[in-house]
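Enquirer: This one is my_file.txt, compact mmCIF, N, CA and C atoms.
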# COMPACT_ATOMS: atom_id res chain seq x y z
N MET A 1 98.57 77.55 109.87
CA MET A 1 99.86 77.53 109.21
C MET A 1 100.18 78.94 108.71
N LEU A 2 101.43 79.26 108.76
CA LEU A 2 101.93 80.53 108.24
C LEU A 2 102.49 80.30 106.85
N HIS A 3 101.94 81.00 105.86
CA HIS A 3 102.39 80.86 104.47
C HIS A 3 103.23 82.07 104.10
N LEU A 4 104.49 81.84 103.80
CA LEU A 4 105.42 82.91 103.43
C LEU A 4 105.56 82.93 101.91
N LEU A 5 104.98 83.93 101.28
CA LEU A 5 105.05 84.05 99.82
C LEU A 5 106.23 84.94 99.48
N GLN A 6 107.33 84.31 99.04
CA GLN A 6 108.58 85.02 98.83
C GLN A 6 108.91 85.23 97.36
N SER A 7 108.10 84.69 96.47
CA SER A 7 108.34 84.87 95.04
C SER A 7 107.01 85.12 94.34
N ASP A 8 107.11 85.59 93.12
CA ASP A 8 105.92 85.89 92.32
C ASP A 8 105.38 84.59 91.74
N LEU A 9 104.38 84.01 92.40
CA LEU A 9 103.81 82.73 91.99
C LEU A 9 103.00 82.87 90.70
N GLY A 10 102.91 81.80 89.96
CA GLY A 10 102.02 81.79 88.81
C GLY A 10 100.58 81.77 89.28
N SER A 11 99.66 82.15 88.43
CA SER A 11 98.26 82.26 88.85
C SER A 11 97.67 80.91 89.27
N ASP A 12 98.05 79.82 88.62
CA ASP A 12 97.53 78.50 89.00
C ASP A 12 98.01 78.11 90.39
N GLU A 13 99.29 78.34 90.67
CA GLU A 13 99.84 78.00 91.98
C GLU A 13 99.22 78.88 93.07
N LEU A 14 99.00 80.15 92.77
CA LEU A 14 98.38 81.06 93.73
C LEU A 14 96.94 80.61 94.03
N LYS A 15 96.21 80.21 93.03
CA LYS A 15 94.83 79.73 93.25
C LYS A 15 94.82 78.46 94.09
N ARG A 16 95.78 77.56 93.83
CA ARG A 16 95.89 76.33 94.63
C ARG A 16 96.13 76.67 96.09
N LEU A 17 97.03 77.60 96.33
CA LEU A 17 97.32 78.03 97.70
C LEU A 17 96.06 78.60 98.34
N CYS A 18 95.39 79.51 97.66
CA CYS A 18 94.21 80.17 98.23
C CYS A 18 93.11 79.17 98.54
N ASN A 19 92.99 78.12 97.76
CA ASN A 19 91.98 77.09 98.01
C ASN A 19 92.29 76.27 99.26
N LYS A 20 93.56 76.26 99.69
CA LYS A 20 93.96 75.50 100.88
C LYS A 20 93.87 76.31 102.16
N LEU A 21 93.72 77.61 102.07
CA LEU A 21 93.76 78.48 103.25
C LEU A 21 92.54 78.26 104.14
N THR A 22 92.79 78.34 105.45
CA THR A 22 91.73 78.26 106.45
C THR A 22 91.77 79.53 107.30
N PRO A 23 90.72 79.79 108.08
CA PRO A 23 90.72 80.99 108.93
C PRO A 23 91.86 81.05 109.95
N GLU A 24 92.43 79.90 110.29
CA GLU A 24 93.54 79.88 111.27
C GLU A 24 94.89 80.21 110.64
N ASP A 25 94.96 80.23 109.31
CA ASP A 25 96.21 80.51 108.61
C ASP A 25 96.49 82.00 108.55
N SER A 26 97.71 82.33 108.20
CA SER A 26 98.12 83.71 107.87
C SER A 26 99.01 83.65 106.64
N VAL A 27 98.92 84.68 105.82
CA VAL A 27 99.75 84.80 104.62
C VAL A 27 100.61 86.04 104.78
N ILE A 28 101.90 85.89 104.51
CA ILE A 28 102.81 87.03 104.53
C ILE A 28 103.46 87.16 103.16
N LEU A 29 103.31 88.32 102.55
CA LEU A 29 104.00 88.65 101.30
C LEU A 29 105.33 89.30 101.66
N MET A 30 106.40 88.78 101.10
CA MET A 30 107.72 89.33 101.39
C MET A 30 108.63 89.10 100.18
N ASN A 31 109.74 89.80 100.16
CA ASN A 31 110.68 89.72 99.04
C ASN A 31 109.90 89.94 97.74
N ASP A 32 110.12 89.13 96.70
CA ASP A 32 109.41 89.31 95.44
C ASP A 32 107.95 88.87 95.50
N GLY A 33 107.55 88.23 96.59
CA GLY A 33 106.15 87.89 96.79
C GLY A 33 105.27 89.13 96.91
N ILE A 34 105.89 90.28 97.17
CA ILE A 34 105.18 91.55 97.22
C ILE A 34 104.44 91.82 95.91
N TYR A 35 104.98 91.33 94.82
CA TYR A 35 104.35 91.58 93.51
C TYR A 35 102.99 90.88 93.38
N LEU A 36 102.64 90.03 94.33
CA LEU A 36 101.34 89.36 94.31
C LEU A 36 100.21 90.21 94.88
N ILE A 37 100.54 91.40 95.38
CA ILE A 37 99.52 92.25 95.99
C ILE A 37 98.33 92.44 95.06
N HIS A 38 98.57 92.80 93.82
CA HIS A 38 97.47 93.09 92.91
C HIS A 38 96.66 91.84 92.57
N GLN A 39 97.33 90.69 92.43
CA GLN A 39 96.61 89.44 92.17
C GLN A 39 95.74 89.06 93.36
N LEU A 40 96.27 89.24 94.57
CA LEU A 40 95.51 88.88 95.75
C LEU A 40 94.30 89.78 95.95
N THR A 41 94.40 91.04 95.57
CA THR A 41 93.26 91.94 95.74
C THR A 41 92.09 91.51 94.85
N GLN A 42 92.35 90.78 93.79
CA GLN A 42 91.28 90.26 92.94
C GLN A 42 90.62 89.05 93.58
N ILE A 43 91.34 88.37 94.48
CA ILE A 43 90.84 87.17 95.15
C ILE A 43 90.20 87.52 96.49
N LEU A 44 90.62 88.65 97.08
CA LEU A 44 90.14 89.02 98.41
C LEU A 44 88.62 89.06 98.45
N PRO A 45 88.01 88.78 99.58
CA PRO A 45 88.71 88.53 100.84
C PRO A 45 89.20 87.09 100.94
N LEU A 46 90.40 86.95 101.46
CA LEU A 46 90.93 85.63 101.74
C LEU A 46 90.27 85.13 103.02
N PRO A 47 90.27 83.82 103.23
CA PRO A 47 89.66 83.29 104.46
C PRO A 47 90.54 83.50 105.70
N CYS A 48 91.72 84.11 105.51
CA CYS A 48 92.64 84.31 106.63
C CYS A 48 93.28 85.69 106.53
N ALA A 49 94.05 86.03 107.54
CA ALA A 49 94.74 87.32 107.57
C ALA A 49 95.86 87.34 106.53
N CYS A 50 96.05 88.50 105.91
CA CYS A 50 97.10 88.66 104.90
C CYS A 50 97.94 89.88 105.27
N PHE A 51 99.25 89.71 105.25
CA PHE A 51 100.20 90.75 105.63
C PHE A 51 101.24 90.94 104.53
N ALA A 52 101.86 92.10 104.52
CA ALA A 52 102.97 92.38 103.62
C ALA A 52 104.05 93.13 104.39
N VAL A 53 105.29 92.75 104.17
CA VAL A 53 106.42 93.41 104.84
C VAL A 53 106.59 94.79 104.21
N ILE A 54 106.44 95.81 105.03
CA ILE A 54 106.43 97.20 104.55
C ILE A 54 107.73 97.56 103.84
N SER A 55 108.88 97.17 104.39
CA SER A 55 110.16 97.53 103.78
C SER A 55 110.29 96.90 102.38
N ASP A 56 109.75 95.69 102.19
CA ASP A 56 109.78 95.06 100.87
C ASP A 56 108.87 95.81 99.89
N CYS A 57 107.72 96.28 100.38
CA CYS A 57 106.83 97.09 99.54
C CYS A 57 107.53 98.37 99.09
N GLU A 58 108.13 99.06 100.03
CA GLU A 58 108.81 100.32 99.73
C GLU A 58 109.96 100.10 98.75
N MET A 59 110.72 99.04 98.94
CA MET A 59 111.87 98.76 98.09
C MET A 59 111.45 98.51 96.64
N ARG A 60 110.23 97.96 96.46
CA ARG A 60 109.76 97.62 95.12
C ARG A 60 108.75 98.60 94.57
N GLY A 61 108.52 99.69 95.31
CA GLY A 61 107.59 100.72 94.85
C GLY A 61 106.14 100.27 94.83
N MET A 62 105.81 99.32 95.68
CA MET A 62 104.44 98.80 95.75
C MET A 62 103.68 99.47 96.89
N VAL A 63 102.37 99.60 96.70
CA VAL A 63 101.51 100.21 97.71
C VAL A 63 100.61 99.12 98.27
N LEU A 64 100.42 99.14 99.58
CA LEU A 64 99.53 98.17 100.20
C LEU A 64 98.11 98.35 99.69
N ALA A 65 97.42 97.26 99.52
CA ALA A 65 96.03 97.28 99.07
C ALA A 65 95.12 97.04 100.27
N GLU A 66 93.87 97.43 100.13
CA GLU A 66 92.90 97.18 101.18
C GLU A 66 92.79 95.69 101.43
N GLY A 67 92.78 95.31 102.69
CA GLY A 67 92.70 93.90 103.06
C GLY A 67 94.05 93.26 103.31
N ILE A 68 95.13 94.01 103.05
CA ILE A 68 96.49 93.52 103.30
C ILE A 68 97.14 94.46 104.30
N GLU A 69 97.50 93.93 105.44
CA GLU A 69 98.07 94.74 106.52
C GLU A 69 99.59 94.79 106.43
N GLY A 70 100.15 95.97 106.59
CA GLY A 70 101.60 96.12 106.58
C GLY A 70 102.21 95.75 107.92
N ILE A 71 103.34 95.06 107.86
CA ILE A 71 104.06 94.69 109.08
C ILE A 71 105.54 95.00 108.91
N ASP A 72 106.22 95.18 110.03
CA ASP A 72 107.67 95.34 110.01
C ASP A 72 108.29 94.01 110.44
N MET A 73 109.60 93.99 110.63
CA MET A 73 110.28 92.74 110.96
C MET A 73 109.84 92.20 112.32
N SER A 74 109.54 93.07 113.28
CA SER A 74 109.07 92.57 114.57
C SER A 74 107.69 91.95 114.43
N GLY A 75 106.86 92.48 113.54
CA GLY A 75 105.56 91.88 113.27
C GLY A 75 105.71 90.52 112.62
N LEU A 76 106.67 90.40 111.71
CA LEU A 76 106.97 89.12 111.07
C LEU A 76 107.40 88.09 112.12
N LEU A 77 108.26 88.49 113.02
CA LEU A 77 108.72 87.60 114.08
C LEU A 77 107.55 87.17 114.96
N ALA A 78 106.68 88.11 115.30
CA ALA A 78 105.53 87.79 116.14
C ALA A 78 104.63 86.75 115.46
N LEU A 79 104.41 86.91 114.16
CA LEU A 79 103.57 85.94 113.44
C LEU A 79 104.21 84.57 113.38
N THR A 80 105.54 84.52 113.25
CA THR A 80 106.20 83.21 113.19
C THR A 80 106.09 82.48 114.52
N THR A 81 106.02 83.21 115.61
CA THR A 81 105.88 82.55 116.92
C THR A 81 104.43 82.15 117.21
N GLN A 82 103.49 82.74 116.51
CA GLN A 82 102.07 82.42 116.72
C GLN A 82 101.63 81.15 115.99
N HIS A 83 102.39 80.74 114.99
CA HIS A 83 102.01 79.58 114.18
C HIS A 83 102.98 78.42 114.43
N ALA A 84 102.42 77.24 114.60
CA ALA A 84 103.25 76.05 114.88
C ALA A 84 104.02 75.58 113.65
N SER A 85 103.50 75.87 112.46
CA SER A 85 104.18 75.44 111.24
C SER A 85 104.11 76.54 110.18
N SER A 86 105.01 76.42 109.21
CA SER A 86 105.03 77.40 108.13
C SER A 86 105.42 76.72 106.82
N ALA A 87 105.09 77.40 105.72
CA ALA A 87 105.46 76.91 104.39
C ALA A 87 105.92 78.10 103.58
N SER A 88 106.99 77.94 102.85
CA SER A 88 107.51 78.99 101.98
C SER A 88 107.11 78.68 100.56
N TRP A 89 106.67 79.69 99.86
CA TRP A 89 106.23 79.55 98.47
C TRP A 89 107.09 80.41 97.59
Write out the structure in this file as structure tokens.
Expert:
Amino acid sequence: MLHLLQSDLGSDELKRLCNKLTPEDSVILMNDGIYLIHQLTQILPLPCACFAVISDCEMRGMVLAEGIEGIDMSGLLALTTQHASSASW
């Protein structure tokens, strides 16, 4: 499953999400979900791949952390086609 984190989740909700992740999943931080970078680095390594939309990072003055790969819109599109289902958070 592709998990699209589009808002700044509370710590309890973020922990619930992380407990559900499997190696086949992917997480994408986008929009205000970019603000979760620092919280996720405390949880890393996640059991799945984690990405952040570069333009959203730049717009919010955030820097990518180790373990989180930057992607552009074409990378986002590629990930959406690789996963049969998705969930927005």
Enquirer: To one decimal place, how far is CA of Leu14 in chain A from atom C of His38 in chain A in Å?
Expert: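 Atom-to-atom, CA of Leu14 in chain A to atom C of His38 in chain A, that is 11.0 Å.
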Enquirer: Find the residue from A:Gly33, A:Val53, A:Cys18, A:Pro45 that sits nearest to Leu77 in chain A; use only C-alpha atoms when measuring.
Expert: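 Nearest to Leu77 in chain A: A:Val53.
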Enquirer: Enumerate as JSON, numbers by chain all residues of chain A assigned to strand (DSSP E) by DSSP on the backbone, naming them with the chain letters and numbers the document uses.
Expert: {"A": [2, 3, 4, 5, 26, 27, 28, 29, 49, 50, 51, 52, 53, 69, 70, 71, 86, 87, 88]}
Enquirer: Hey, can you check how far atom C of Glu24 in chain A sits from atom N of Met1 in chain A?
Expert: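 Going from atom C of Glu24 in chain A over to atom N of Met1 in chain A covers 4.6 Å.
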Enquirer: Have a look at CA of Cys50 in chain A and atom C of Asp25 in chain A and let me know their distance in Å, one decimal.
Expert: 7.6 Å
Enquirer: Please list as a list in words every residue within 8 Å of range 8-10 of chain A, counting only N, CA and C atoms and excluding residues in the same chain fewer than 6 positions away.
Expert: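 Counting only the stated atoms, we get Arg16, Asn31, Asp32, Gly33, Ile34, Tyr35, Leu36 and Trp89 of chain A.
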Enquirer: Near Ile28 in chain A, counting only C-alpha atoms, which residues have an atom at most 8 Å away, once you skip same-chain residues fewer than 2 positions from it, shown as an MDAnalysis selection string?
Expert: chainID A and resid 2:5 26 30 50:53
Enquirer: So which one's closest to Glu69 in chain A, A:Ala87, A:Ile54, A:Ile43, A:Leu21? Using only N, CA and C atoms, please.
Expert: A:Ile54
Enquirer: Write out as a ChimeraX atom specification each polymer residue whose atoms come within 10 Å of Ser55 in chain A, counting only C-alpha atoms; drop sequence neighbours fewer than 4 positions from it.
Expert: /A:30-31,59-62,70-73
Enquirer: Which of these, A:Val63, A:Thr41, A:Ser7, A:Leu46, has the shortest distance to Thr22 in chain A once you count all atoms listed in the file?
Expert: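 Using all atoms listed in the file, Thr22 in chain A sits closest to A:Leu46.
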